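One structure is given below, encoded as structure tokens.
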Amino acid sequence: MLNTLFFASAVFTIKLRKVKTSSLTGSLVYHSIAIAIAATLYLLGWLSLLTALTLAVALLKLAVIVLLRDWYCNCRFEYIARFETYFALTYTALACLTVLPEYLPVPT
């Protein structure tokens, strides 16, 4: 579920590049809903706090895009793909690390 929320956020950030869909409203609404879902999953005990907090990578990405909006809207798409990939790899690494057991079993 958390992976879906993170990777769907890319749809809303990529849409900021188009003139027709460049309003921040959709992205802000989506990210607010995603935070609410992650918080609910944490409160239900289905996610650990650290795992739920990995969604902050999507919020950080949105903040960087808002701050560097002119660059984001006007640069070549290969740079956007690289930008999205770096954030996706960061999210994936953090999410994987947070679901590892505290101690690995000792082989017998």
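Ligands are numbered from 1 in the order shown, chains are lettered A, B, ... in the order of the structure tokens, and residues start at 1 in each chain.
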
Using the chain letters and numbers from this document, which residues of chain A does DSSP assign to helix (DSSP H, G or I), as a ChimeraX atom specification? /A:2-17,24-43,49-53,56-67,69-74,77-98

Once you count only C-alpha atoms, what closest atom pair and distance in Å to one decimal does each residue of region 58-103 of chain A within 8 Å of region 6-29 of chain A have, with rows by chain and rising residue number, as a Markdown table?
```
| residue | atom | partner | partner_atom | distance |
| --- | --- | --- | --- | --- |
| A:Ala58 | CA | A:Phe6 | CA | 6.1 |
| A:Leu62 | CA | A:Thr13 | CA | 6.9 |
| A:Ile65 | CA | A:Thr13 | CA | 7.8 |
| A:Tyr72 | CA | A:Arg17 | CA | 6.9 |
| A:Cys73 | CA | A:Arg17 | CA | 4.6 |
| A:Asn74 | CA | A:Arg17 | CA | 7.7 |
| A:Glu84 | CA | A:Ala10 | CA | 7.4 |
| A:Ala88 | CA | A:Phe7 | CA | 7.7 |
```

Take the residues from that selection and put them in a file with N, CA and C atoms, as an mmCIF file, in the first residue's frame.
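Written output follows (out.cif):
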```
data_model
loop_
_atom_site.group_PDB
_atom_site.id
_atom_site.type_symbol
_atom_site.label_atom_id
_atom_site.label_comp_id
_atom_site.auth_asym_id
_atom_site.auth_seq_id
_atom_site.Cartn_x
_atom_site.Cartn_y
_atom_site.Cartn_z
ATOM 1 N N ALA A 58 8.492 11.274 -0.409
ATOM 2 C CA ALA A 58 7.599 11.864 -1.421
ATOM 3 C C ALA A 58 7.333 13.331 -1.106
ATOM 4 N N LEU A 62 8.313 16.598 -3.376
ATOM 5 C CA LEU A 62 7.366 17.664 -3.725
ATOM 6 C C LEU A 62 7.905 19.027 -3.296
ATOM 7 N N ILE A 65 10.538 20.131 -5.724
ATOM 8 C CA ILE A 65 9.912 20.545 -6.986
ATOM 9 C C ILE A 65 9.300 21.931 -6.854
ATOM 10 N N TYR A 72 12.321 22.578 -12.859
ATOM 11 C CA TYR A 72 11.579 21.342 -13.053
ATOM 12 C C TYR A 72 10.697 21.397 -14.297
ATOM 13 N N CYS A 73 10.110 22.535 -14.558
ATOM 14 C CA CYS A 73 9.199 22.661 -15.706
ATOM 15 C C CYS A 73 9.926 22.862 -17.027
ATOM 16 N N ASN A 74 11.168 23.331 -16.994
ATOM 17 C CA ASN A 74 11.841 23.692 -18.242
ATOM 18 C C ASN A 74 13.021 22.824 -18.624
ATOM 19 N N GLU A 84 13.546 11.670 -10.546
ATOM 20 C CA GLU A 84 12.529 10.750 -10.021
ATOM 21 C C GLU A 84 13.168 9.431 -9.590
ATOM 22 N N ALA A 88 13.089 7.633 -5.969
ATOM 23 C CA ALA A 88 12.502 6.293 -5.881
ATOM 24 C C ALA A 88 13.475 5.308 -5.236
#
```

Could you jot down the CA of Leu97 (chain A) to CA of Thr40 (chain A) separation for me, Å, one decimal place?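 Here the two named atoms are 21.1 Å from each other.
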
A:Ile80, A:Leu2, A:Ala34, A:Ala95: which is nearest Trp46 (chain A), counting only C-alpha atoms?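 Ranked by minimum distance to Trp46 (chain A), first place goes to A:Leu2.
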
What does the structure give for the distance between CA of Thr85 (chain A) and CA of Leu53 (chain A), in Å to one decimal? 19.2 Å

With distances taken over only C-alpha atoms, which of A:Leu41, A:Leu94, A:Ala36, A:Ala81 is nearest to Met1 (chain A)?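 For Met1 (chain A), the nearest of the candidates is A:Leu41.
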
For Tyr30 (chain A), which residue among A:Leu49, A:Leu59, A:Ala93, A:Pro101 is the nearest when counting only C-alpha atoms?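 Using only C-alpha atoms, the shortest distance to Tyr30 (chain A) belongs to A:Leu59.
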
Proximity to Thr54 (chain A) - best of A:His31, A:Tyr42, A:Leu67, A:Thr98, only C-alpha atoms: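 Distance minimum relative to Thr54 (chain A) lands on A:Thr98.
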
Could you tell me which of A:Cys75, A:Cys96, A:Leu89, A:Ile35 comes closest to Leu55 (chain A) if we count only C-alpha atoms?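 Nearest candidate to Leu55 (chain A) out of A:Cys75, A:Cys96, A:Leu89, A:Ile35: A:Ile35.
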
Which neighbours of Phe87 (chain A) fall inside 9 Å, counting only C-alpha atoms, when residues of the same chain fewer than 4 positions from it are skipped, and could you give them as an MDAnalysis selection string? chainID A and resid 57:58 60:61 82:83 91:92

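Between Ser32 (chain A) and the residues A:Thr90, A:Leu100, A:Thr4, A:Ala56, the shortest atom-to-atom distance, using only C-alpha atoms, involves A:Ala56.
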